[in-house]
$ cat protein.pdb   # PDB, C-alpha atoms
ATOM      1  CA  MET A   1      13.171  -3.648   9.372  1.00  0.00           C
ATOM      2  CA  ASP A   2      13.777  -6.839   7.405  1.00  0.00           C
ATOM      3  CA  PRO A   3      16.432  -8.787   9.354  1.00  0.00           C
ATOM      4  CA  ALA A   4      17.893  -9.921   6.031  1.00  0.00           C
ATOM      5  CA  PHE A   5      18.595  -6.312   5.081  1.00  0.00           C
ATOM      6  CA  PRO A   6      19.422  -4.339   8.225  1.00  0.00           C
ATOM      7  CA  PHE A   7      19.265  -0.539   8.062  1.00  0.00           C
ATOM      8  CA  LEU A   8      16.527  -0.588   5.372  1.00  0.00           C
ATOM      9  CA  THR A   9      12.807  -0.503   6.066  1.00  0.00           C
ATOM     10  CA  HIS A  10       9.460   0.131   4.404  1.00  0.00           C
ATOM     11  CA  THR A  11       8.067   1.226   7.790  1.00  0.00           C
ATOM     12  CA  PRO A  12       7.889   4.912   8.838  1.00  0.00           C
ATOM     13  CA  LEU A  13      10.997   5.834  10.822  1.00  0.00           C
ATOM     14  CA  ASP A  14      10.848   6.260  14.599  1.00  0.00           C
ATOM     15  CA  ALA A  15      13.382   8.779  15.874  1.00  0.00           C
ATOM     16  CA  ALA A  16      12.707   7.931  19.525  1.00  0.00           C
ATOM     17  CA  ALA A  17      13.458   4.262  18.885  1.00  0.00           C
ATOM     18  CA  LEU A  18      16.759   5.076  17.221  1.00  0.00           C
ATOM     19  CA  ARG A  19      17.672   7.428  20.046  1.00  0.00           C
ATOM     20  CA  ALA A  20      16.999   4.591  22.492  1.00  0.00           C
ATOM     21  CA  GLU A  21      19.261   2.265  20.459  1.00  0.00           C
ATOM     22  CA  VAL A  22      22.261   4.548  20.958  1.00  0.00           C
ATOM     23  CA  ALA A  23      21.567   5.577  24.566  1.00  0.00           C
ATOM     24  CA  ASP A  24      24.736   5.019  26.574  1.00  0.00           C
ATOM     25  CA  ALA A  25      25.604   5.969  30.122  1.00  0.00           C
ATOM     26  CA  ALA A  26      29.073   7.097  29.005  1.00  0.00           C
ATOM     27  CA  ALA A  27      27.730   9.396  26.278  1.00  0.00           C
ATOM     28  CA  GLY A  28      27.892  13.142  26.751  1.00  0.00           C
ATOM     29  CA  ALA A  29      26.214  13.737  23.399  1.00  0.00           C
ATOM     30  CA  ILE A  30      23.458  12.086  21.393  1.00  0.00           C
ATOM     31  CA  LEU A  31      22.903  13.426  17.885  1.00  0.00           C
ATOM     32  CA  LEU A  32      19.976  12.562  15.619  1.00  0.00           C
ATOM     33  CA  PHE A  33      20.162  13.496  11.940  1.00  0.00           C
ATOM     34  CA  GLU A  34      16.986  13.257   9.869  1.00  0.00           C
ATOM     35  CA  GLY A  35      16.911  13.599   6.118  1.00  0.00           C
ATOM     36  CA  THR A  36      13.388  14.610   5.121  1.00  0.00           C
ATOM     37  CA  VAL A  37      11.272  14.909   1.990  1.00  0.00           C
ATOM     38  CA  ARG A  38      11.234  18.522   0.799  1.00  0.00           C
ATOM     39  CA  ASP A  39       8.800  20.124  -1.635  1.00  0.00           C
ATOM     40  CA  HIS A  40      11.317  20.866  -4.366  1.00  0.00           C
ATOM     41  CA  SER A  41      14.388  19.485  -6.054  1.00  0.00           C
ATOM     42  CA  GLU A  42      16.834  20.572  -8.756  1.00  0.00           C
ATOM     43  CA  GLY A  43      14.604  22.403 -11.216  1.00  0.00           C
ATOM     44  CA  LEU A  44      11.458  20.808  -9.805  1.00  0.00           C
ATOM     45  CA  THR A  45       8.717  22.234  -7.622  1.00  0.00           C
ATOM     46  CA  GLY A  46       5.627  20.597  -6.186  1.00  0.00           C
ATOM     47  CA  VAL A  47       7.332  17.454  -4.891  1.00  0.00           C
ATOM     48  CA  VAL A  48       4.784  15.640  -2.710  1.00  0.00           C
ATOM     49  CA  ALA A  49       6.627  12.388  -2.024  1.00  0.00           C
ATOM     50  CA  LEU A  50       9.727  10.354  -2.765  1.00  0.00           C
ATOM     51  CA  GLU A  51       9.795   6.691  -3.628  1.00  0.00           C
ATOM     52  CA  TYR A  52      12.949   4.755  -2.743  1.00  0.00           C
ATOM     53  CA  GLU A  53      14.288   1.463  -3.966  1.00  0.00           C
ATOM     54  CA  ALA A  54      17.594  -0.274  -3.317  1.00  0.00           C
ATOM     55  CA  GLN A  55      19.783  -3.167  -4.252  1.00  0.00           C
ATOM     56  CA  ALA A  56      19.034  -4.146  -0.694  1.00  0.00           C
ATOM     57  CA  SER A  57      21.665  -6.764   0.090  1.00  0.00           C
ATOM     58  CA  MET A  58      24.437  -4.594  -1.305  1.00  0.00           C
ATOM     59  CA  ALA A  59      23.151  -1.429   0.379  1.00  0.00           C
ATOM     60  CA  ALA A  60      22.968  -3.223   3.739  1.00  0.00           C
ATOM     61  CA  LYS A  61      26.511  -4.527   3.335  1.00  0.00           C
ATOM     62  CA  ILE A  62      27.848  -1.099   2.391  1.00  0.00           C
ATOM     63  CA  ILE A  63      26.097   0.680   5.262  1.00  0.00           C
ATOM     64  CA  ALA A  64      27.466  -1.930   7.682  1.00  0.00           C
ATOM     65  CA  ALA A  65      30.971  -1.276   6.349  1.00  0.00           C
ATOM     66  CA  ILE A  66      30.498   2.498   6.640  1.00  0.00           C
ATOM     67  CA  LEU A  67      29.462   2.142  10.279  1.00  0.00           C
ATOM     68  CA  ALA A  68      32.387  -0.162  11.069  1.00  0.00           C
ATOM     69  CA  GLU A  69      34.872   2.181   9.393  1.00  0.00           C
ATOM     70  CA  THR A  70      33.377   5.218  11.124  1.00  0.00           C
ATOM     71  CA  ARG A  71      33.729   3.460  14.491  1.00  0.00           C
ATOM     72  CA  ALA A  72      37.356   2.694  13.674  1.00  0.00           C
ATOM     73  CA  GLU A  73      38.107   6.320  12.815  1.00  0.00           C
ATOM     74  CA  ILE A  74      36.030   8.290  15.319  1.00  0.00           C
ATOM     75  CA  PRO A  75      35.624   7.405  19.019  1.00  0.00           C
ATOM     76  CA  VAL A  76      31.847   7.114  19.244  1.00  0.00           C
ATOM     77  CA  ARG A  77      29.837   5.043  21.700  1.00  0.00           C
ATOM     78  CA  LYS A  78      26.975   3.699  19.540  1.00  0.00           C
ATOM     79  CA  LEU A  79      25.630   4.195  16.016  1.00  0.00           C
ATOM     80  CA  ALA A  80      22.246   3.438  14.463  1.00  0.00           C
ATOM     81  CA  VAL A  81      20.983   4.026  10.926  1.00  0.00           C
ATOM     82  CA  ARG A  82      17.646   3.445   9.187  1.00  0.00           C
ATOM     83  CA  HIS A  83      16.906   4.325   5.580  1.00  0.00           C
ATOM     84  CA  ARG A  84      13.387   4.245   4.166  1.00  0.00           C
ATOM     85  CA  LEU A  85      12.335   2.266   1.139  1.00  0.00           C
ATOM     86  CA  GLY A  86       9.051   2.712  -0.690  1.00  0.00           C
ATOM     87  CA  ARG A  87       6.969   5.867  -0.711  1.00  0.00           C
ATOM     88  CA  VAL A  88       7.808   8.616   1.803  1.00  0.00           C
ATOM     89  CA  GLU A  89       5.468  11.603   2.072  1.00  0.00           C
ATOM     90  CA  LEU A  90       6.409  15.282   2.202  1.00  0.00           C
ATOM     91  CA  GLY A  91       8.008  16.191   5.534  1.00  0.00           C
ATOM     92  CA  GLU A  92       8.585  12.602   6.630  1.00  0.00           C
ATOM     93  CA  PRO A  93      12.078  11.310   7.395  1.00  0.00           C
ATOM     94  CA  THR A  94      13.867   9.360   4.677  1.00  0.00           C
ATOM     95  CA  ILE A  95      16.878   8.475   6.800  1.00  0.00           C
ATOM     96  CA  ILE A  96      17.778   8.793  10.465  1.00  0.00           C
ATOM     97  CA  ILE A  97      21.321   8.545  11.779  1.00  0.00           C
ATOM     98  CA  ALA A  98      21.711   8.327  15.548  1.00  0.00           C
ATOM     99  CA  VAL A  99      25.105   8.744  17.186  1.00  0.00           C
ATOM    100  CA  SER A 100      26.154   8.722  20.811  1.00  0.00           C
ATOM    101  CA  ALA A 101      29.629   9.843  21.786  1.00  0.00           C
ATOM    102  CA  GLY A 102      31.588  11.151  24.714  1.00  0.00           C
ATOM    103  CA  HIS A 103      31.577  14.664  23.251  1.00  0.00           C
ATOM    104  CA  ARG A 104      29.628  16.616  20.639  1.00  0.00           C
ATOM    105  CA  ASP A 105      32.540  16.954  18.221  1.00  0.00           C
ATOM    106  CA  GLU A 106      32.810  13.209  17.688  1.00  0.00           C
ATOM    107  CA  ALA A 107      29.035  12.908  17.307  1.00  0.00           C
ATOM    108  CA  TYR A 108      28.880  15.633  14.640  1.00  0.00           C
ATOM    109  CA  ARG A 109      31.882  14.261  12.752  1.00  0.00           C
ATOM    110  CA  ALA A 110      30.548  10.713  12.747  1.00  0.00           C
ATOM    111  CA  SER A 111      27.042  11.713  11.672  1.00  0.00           C
ATOM    112  CA  ARG A 112      28.374  13.840   8.804  1.00  0.00           C
ATOM    113  CA  ALA A 113      30.753  11.131   7.643  1.00  0.00           C
ATOM    114  CA  ILE A 114      27.994   8.515   7.637  1.00  0.00           C
ATOM    115  CA  ILE A 115      25.436  10.528   5.665  1.00  0.00           C
ATOM    116  CA  ASP A 116      28.038  11.706   3.158  1.00  0.00           C
ATOM    117  CA  ARG A 117      29.235   8.164   2.509  1.00  0.00           C
ATOM    118  CA  ILE A 118      25.747   6.664   2.281  1.00  0.00           C
ATOM    119  CA  LYS A 119      24.849   9.251  -0.356  1.00  0.00           C
ATOM    120  CA  ARG A 120      28.019   8.487  -2.337  1.00  0.00           C
ATOM    121  CA  GLU A 121      28.162   4.714  -1.968  1.00  0.00           C
ATOM    122  CA  ALA A 122      24.878   2.982  -1.102  1.00  0.00           C
ATOM    123  CA  PRO A 123      22.935   1.618  -4.119  1.00  0.00           C
ATOM    124  CA  ILE A 124      19.701   3.380  -3.279  1.00  0.00           C
ATOM    125  CA  TRP A 125      17.582   5.346  -5.751  1.00  0.00           C
ATOM    126  CA  LYS A 126      14.731   7.801  -5.369  1.00  0.00           C
ATOM    127  CA  ARG A 127      11.943   8.862  -7.642  1.00  0.00           C
ATOM    128  CA  GLU A 128      10.438  12.302  -7.122  1.00  0.00           C
ATOM    129  CA  ILE A 129       6.647  12.347  -7.274  1.00  0.00           C
ATOM    130  CA  LEU A 130       5.035  15.669  -8.159  1.00  0.00           C
ATOM    131  CA  ARG A 131       1.668  17.152  -7.273  1.00  0.00           C
ATOM    132  CA  ASP A 132       0.391  16.667 -10.831  1.00  0.00           C
ATOM    133  CA  GLY A 133       0.964  12.917 -10.577  1.00  0.00           C
ATOM    134  CA  THR A 134       4.063  12.803 -12.770  1.00  0.00           C
ATOM    135  CA  SER A 135       7.366  11.498 -11.455  1.00  0.00           C
ATOM    136  CA  ALA A 136      11.024  11.282 -12.389  1.00  0.00           C
ATOM    137  CA  TRP A 137      14.092   9.505 -11.069  1.00  0.00           C
ATOM    138  CA  SER A 138      16.477  11.809  -9.277  1.00  0.00           C
ATOM    139  CA  ARG A 139      19.574  12.516 -11.351  1.00  0.00           C
ATOM    140  CA  GLY A 140      21.825  11.277  -8.537  1.00  0.00           C
ATOM    141  CA  CYS A 141      25.588  10.881  -8.571  1.00  0.00           C
ATOM    142  CA  ILE A 142      27.945   8.245  -9.904  1.00  0.00           C
ATOM    143  CA  ALA A 143      28.453   5.682  -7.163  1.00  0.00           C
ATOM    144  CA  HIS A 144      31.821   5.628  -5.406  1.00  0.00           C
ATOM    145  CA  GLY A 145      33.583   2.789  -3.686  1.00  0.00           C
ATOM    146  CA  GLU A 146      35.334  -0.337  -4.733  1.00  0.00           C
ATOM    147  CA  GLU A 147      36.817  -3.388  -3.166  1.00  0.00           C
ATOM    148  CA  GLU A 148      40.294  -4.750  -3.564  1.00  0.00           C
ATOM    149  CA  ARG A 149      39.324  -8.015  -5.170  1.00  0.00           C
ATOM    150  CA  ASN A 150      40.876 -10.151  -7.811  1.00  0.00           C
ATOM    151  CA  PHE A 151      38.250 -11.754 -10.004  1.00  0.00           C
ATOM    152  CA  ALA A 152      40.709 -13.309 -12.409  1.00  0.00           C
ATOM    153  CA  ASN A 153      41.477 -16.304 -10.183  1.00  0.00           C
TER
ATOM    154  CA  MET B   1      32.576 -15.505 -24.750  1.00  0.00           C
ATOM    155  CA  ALA B   2      30.584 -16.149 -21.604  1.00  0.00           C
ATOM    156  CA  ASN B   3      26.908 -15.627 -20.872  1.00  0.00           C
ATOM    157  CA  ILE B   4      26.298 -13.561 -17.765  1.00  0.00           C
ATOM    158  CA  ARG B   5      23.162 -12.311 -16.059  1.00  0.00           C
ATOM    159  CA  VAL B   6      22.877  -8.530 -15.850  1.00  0.00           C
ATOM    160  CA  ASN B   7      20.562  -7.102 -13.164  1.00  0.00           C
ATOM    161  CA  TYR B   8      18.990  -3.657 -13.543  1.00  0.00           C
ATOM    162  CA  TYR B   9      17.450  -1.312 -10.994  1.00  0.00           C
ATOM    163  CA  ALA B  10      15.538   1.953 -10.856  1.00  0.00           C
ATOM    164  CA  GLN B  11      15.835   4.124 -13.967  1.00  0.00           C
ATOM    165  CA  LEU B  12      17.625   1.467 -16.030  1.00  0.00           C
ATOM    166  CA  ARG B  13      15.067  -1.203 -15.151  1.00  0.00           C
ATOM    167  CA  GLU B  14      12.278   1.131 -16.204  1.00  0.00           C
ATOM    168  CA  ALA B  15      13.985   2.331 -19.370  1.00  0.00           C
ATOM    169  CA  LEU B  16      14.801  -1.223 -20.491  1.00  0.00           C
ATOM    170  CA  LYS B  17      11.447  -2.599 -19.276  1.00  0.00           C
ATOM    171  CA  THR B  18      13.160  -5.552 -17.611  1.00  0.00           C
ATOM    172  CA  GLY B  19      14.899  -6.280 -14.351  1.00  0.00           C
ATOM    173  CA  TRP B  20      17.533  -8.469 -15.941  1.00  0.00           C
ATOM    174  CA  GLU B  21      18.834  -9.962 -19.138  1.00  0.00           C
ATOM    175  CA  GLU B  22      21.490 -12.406 -20.192  1.00  0.00           C
ATOM    176  CA  ILE B  23      24.267 -11.157 -22.438  1.00  0.00           C
ATOM    177  CA  ALA B  24      27.385 -12.616 -23.995  1.00  0.00           C
ATOM    178  CA  VAL B  25      30.651 -10.917 -23.070  1.00  0.00           C
ATOM    179  CA  PRO B  26      34.271 -11.834 -23.632  1.00  0.00           C
ATOM    180  CA  LEU B  27      35.934 -12.632 -20.295  1.00  0.00           C
ATOM    181  CA  PRO B  28      38.097 -11.552 -18.645  1.00  0.00           C
ATOM    182  CA  ALA B  29      36.672  -8.071 -18.870  1.00  0.00           C
ATOM    183  CA  ARG B  30      37.009  -4.807 -17.031  1.00  0.00           C
ATOM    184  CA  GLU B  31      34.110  -2.752 -15.696  1.00  0.00           C
ATOM    185  CA  SER B  32      34.370  -0.410 -18.671  1.00  0.00           C
ATOM    186  CA  ASP B  33      34.213  -3.324 -21.141  1.00  0.00           C
ATOM    187  CA  ILE B  34      30.921  -4.513 -19.679  1.00  0.00           C
ATOM    188  CA  LEU B  35      29.414  -1.026 -19.638  1.00  0.00           C
ATOM    189  CA  GLU B  36      30.501  -0.412 -23.233  1.00  0.00           C
ATOM    190  CA  THR B  37      28.979  -3.725 -24.294  1.00  0.00           C
ATOM    191  CA  LEU B  38      25.685  -2.767 -22.655  1.00  0.00           C
ATOM    192  CA  ALA B  39      25.790   0.715 -24.167  1.00  0.00           C
ATOM    193  CA  ARG B  40      26.159  -0.822 -27.628  1.00  0.00           C
ATOM    194  CA  LEU B  41      23.260  -3.188 -26.972  1.00  0.00           C
ATOM    195  CA  HIS B  42      21.053  -0.347 -25.715  1.00  0.00           C
ATOM    196  CA  PRO B  43      22.255   2.829 -27.456  1.00  0.00           C
ATOM    197  CA  LYS B  44      19.357   4.964 -26.170  1.00  0.00           C
ATOM    198  CA  GLN B  45      20.659   4.381 -22.633  1.00  0.00           C
ATOM    199  CA  ARG B  46      24.315   4.913 -23.513  1.00  0.00           C
ATOM    200  CA  ASP B  47      24.822   7.944 -21.238  1.00  0.00           C
ATOM    201  CA  LEU B  48      23.202   6.162 -18.326  1.00  0.00           C
ATOM    202  CA  PHE B  49      25.350   3.047 -18.762  1.00  0.00           C
ATOM    203  CA  LEU B  50      28.515   5.087 -19.036  1.00  0.00           C
ATOM    204  CA  SER B  51      27.740   6.831 -15.741  1.00  0.00           C
ATOM    205  CA  SER B  52      26.962   3.541 -13.995  1.00  0.00           C
ATOM    206  CA  ARG B  53      29.080   1.212 -11.894  1.00  0.00           C
ATOM    207  CA  VAL B  54      29.336  -2.570 -12.030  1.00  0.00           C
ATOM    208  CA  ALA B  55      28.928  -4.643  -8.885  1.00  0.00           C
ATOM    209  CA  VAL B  56      29.622  -8.325  -8.289  1.00  0.00           C
ATOM    210  CA  ASP B  57      28.636 -10.213  -5.135  1.00  0.00           C
ATOM    211  CA  ASP B  58      27.308  -7.011  -3.512  1.00  0.00           C
ATOM    212  CA  GLY B  59      30.491  -4.991  -4.014  1.00  0.00           C
ATOM    213  CA  TYR B  60      31.617  -2.450  -6.602  1.00  0.00           C
ATOM    214  CA  VAL B  61      34.374  -3.705  -8.833  1.00  0.00           C
ATOM    215  CA  GLY B  62      37.430  -1.570  -9.200  1.00  0.00           C
ATOM    216  CA  ALA B  63      38.051   0.142 -12.525  1.00  0.00           C
ATOM    217  CA  ASP B  64      41.177  -1.958 -13.040  1.00  0.00           C
ATOM    218  CA  ALA B  65      39.782  -5.274 -11.808  1.00  0.00           C
ATOM    219  CA  LEU B  66      39.726  -8.065 -14.365  1.00  0.00           C
ATOM    220  CA  LEU B  67      36.462  -9.941 -14.167  1.00  0.00           C
ATOM    221  CA  ALA B  68      36.615 -13.643 -14.950  1.00  0.00           C
ATOM    222  CA  GLY B  69      34.606 -16.598 -13.776  1.00  0.00           C
ATOM    223  CA  ILE B  70      31.598 -14.462 -12.986  1.00  0.00           C
ATOM    224  CA  THR B  71      28.013 -15.475 -13.698  1.00  0.00           C
ATOM    225  CA  GLY B  72      26.281 -12.152 -13.096  1.00  0.00           C
ATOM    226  CA  VAL B  73      26.641  -8.452 -12.412  1.00  0.00           C
ATOM    227  CA  ASP B  74      24.518  -5.656 -11.003  1.00  0.00           C
ATOM    228  CA  ILE B  75      24.452  -2.374 -12.893  1.00  0.00           C
ATOM    229  CA  ILE B  76      24.367   0.499 -10.427  1.00  0.00           C
ATOM    230  CA  SER B  77      23.128   3.603 -12.235  1.00  0.00           C
ATOM    231  CA  PRO B  78      23.689   6.996 -10.527  1.00  0.00           C
ATOM    232  CA  ILE B  79      22.492   6.727  -6.933  1.00  0.00           C
ATOM    233  CA  SER B  80      20.355   9.107  -4.902  1.00  0.00           C
ATOM    234  CA  GLY B  81      19.922   7.734  -1.410  1.00  0.00           C
ATOM    235  CA  GLY B  82      19.800   9.738   1.790  1.00  0.00           C
TER
END
$ encode --input "protein.pdb" --output "structure tokens"
Amino acid sequence: MDPAFPFLTHTPLDAAALRAEVADAAAGAILLFEGTVRDHSEGLTGVVALEYEAQASMAAKIIAAILAETRAEIPVRKLAVRHRLGRVELGEPTIIIAVSAGHRDEAYRASRAIIDRIKREAPIWKREILRDGTSAWSRGCIAHGEEERNFAN
Amino acid sequence: MANIRVNYYAQLREALKTGWEEIAVPLPARESDILETLARLHPKQRDLFLSSRVAVDDGYVGADALLAGITGVDIISPISGG
């Protein structure tokens, strides 16, 4: 993980390491969510890999804000997130979200909130690479999120 | 008019064959003004620009925000992380 851009890495993800990051003696639940590369997409078959890129400084800032806001809304113990950049092969994890909480309900709610918001807000893009060597950018969704800022002054 | 740097990523960077360009825009401007300006400059990518967001200093600008005194923007085309 590049310390300048926390949460983003070109290195294969290590679920055990993320689990260790959120280990907490007061936790009654630890939940690991892995998004993985699947072999198909909307109207596409034969996907063999995904290739991710990001506006890294902005993505890191947004993920940090999502984690802070999740902590403020849901009583969790610890949170950890890593998102892959670069090429990720079929079956490998693209993102891991680790949550520890006193109870399972909080862990599930926090994990779901984090992945949903990262998909809607973080400036990260993926290209789908097919078995025949062709590739295409995923259609994606219009990014959400805005800040209350006044640029006129 | 002001000259601002426009940064492109992913599908827009590939389609335009550049990671950035400098354009002249009248300021203050709203997000939609900048996207419309870019769509006129690059009509083949009009749909992509009009489904993009504008970011300044690593944050999305609000639809109603008036942008002035800026030197650059990031164009965030539809995202697909996770």
$ resolve_selection --input "protein.pdb" --expression "the PyMOL selection byres ((chain A and resi 129) around 6)" --output "number ranges by chain"
A: 47-50, 128, 130, 135
$ residues_around --input "protein.pdb" --residues "Ala24 in chain B" --least-positions-apart "4" --cutoff "8 Å" --atoms "all atoms listed in the file" --output "list in words"
Met1, Ala2, Asn3 and Ile4 of chain B
$ resolve_selection --input "protein.pdb" --expression "the ChimeraX specification (/A :<12) & /B" --output "PyMOL selection string"
chain B and resi 7-15+19+27-31+47-71+73-82
$ resolve_selection --input "protein.pdb" --expression "the PyMOL selection byres ((chain A and resi 17) around 12)" --output "PyMOL selection string"
chain A and resi 12-16+18-23+32+80-82+96-98
$ atom_distance --input "protein.pdb" --atom1 "CA of Pro75 in chain A" --atom2 "CA of Ala101 in chain A"
7.0 Å
$ residues_around --input "protein.pdb" --residues "Leu38 in chain B" --least-positions-apart "2" --cutoff "10 Å" --atoms "only C-alpha atoms" --output "PDB file with C-alpha atoms, in the coordinates of the input"
ATOM      1  CA  VAL B   6      22.877  -8.530 -15.850  1.00  0.00           C
ATOM      2  CA  ILE B  23      24.267 -11.157 -22.438  1.00  0.00           C
ATOM      3  CA  VAL B  25      30.651 -10.917 -23.070  1.00  0.00           C
ATOM      4  CA  SER B  32      34.370  -0.410 -18.671  1.00  0.00           C
ATOM      5  CA  ASP B  33      34.213  -3.324 -21.141  1.00  0.00           C
ATOM      6  CA  ILE B  34      30.921  -4.513 -19.679  1.00  0.00           C
ATOM      7  CA  LEU B  35      29.414  -1.026 -19.638  1.00  0.00           C
ATOM      8  CA  GLU B  36      30.501  -0.412 -23.233  1.00  0.00           C
ATOM      9  CA  ARG B  40      26.159  -0.822 -27.628  1.00  0.00           C
ATOM     10  CA  LEU B  41      23.260  -3.188 -26.972  1.00  0.00           C
ATOM     11  CA  HIS B  42      21.053  -0.347 -25.715  1.00  0.00           C
ATOM     12  CA  PRO B  43      22.255   2.829 -27.456  1.00  0.00           C
ATOM     13  CA  GLN B  45      20.659   4.381 -22.633  1.00  0.00           C
ATOM     14  CA  ARG B  46      24.315   4.913 -23.513  1.00  0.00           C
ATOM     15  CA  PHE B  49      25.350   3.047 -18.762  1.00  0.00           C
ATOM     16  CA  LEU B  50      28.515   5.087 -19.036  1.00  0.00           C
ATOM     17  CA  ILE B  75      24.452  -2.374 -12.893  1.00  0.00           C
TER      18      ILE B  75
END
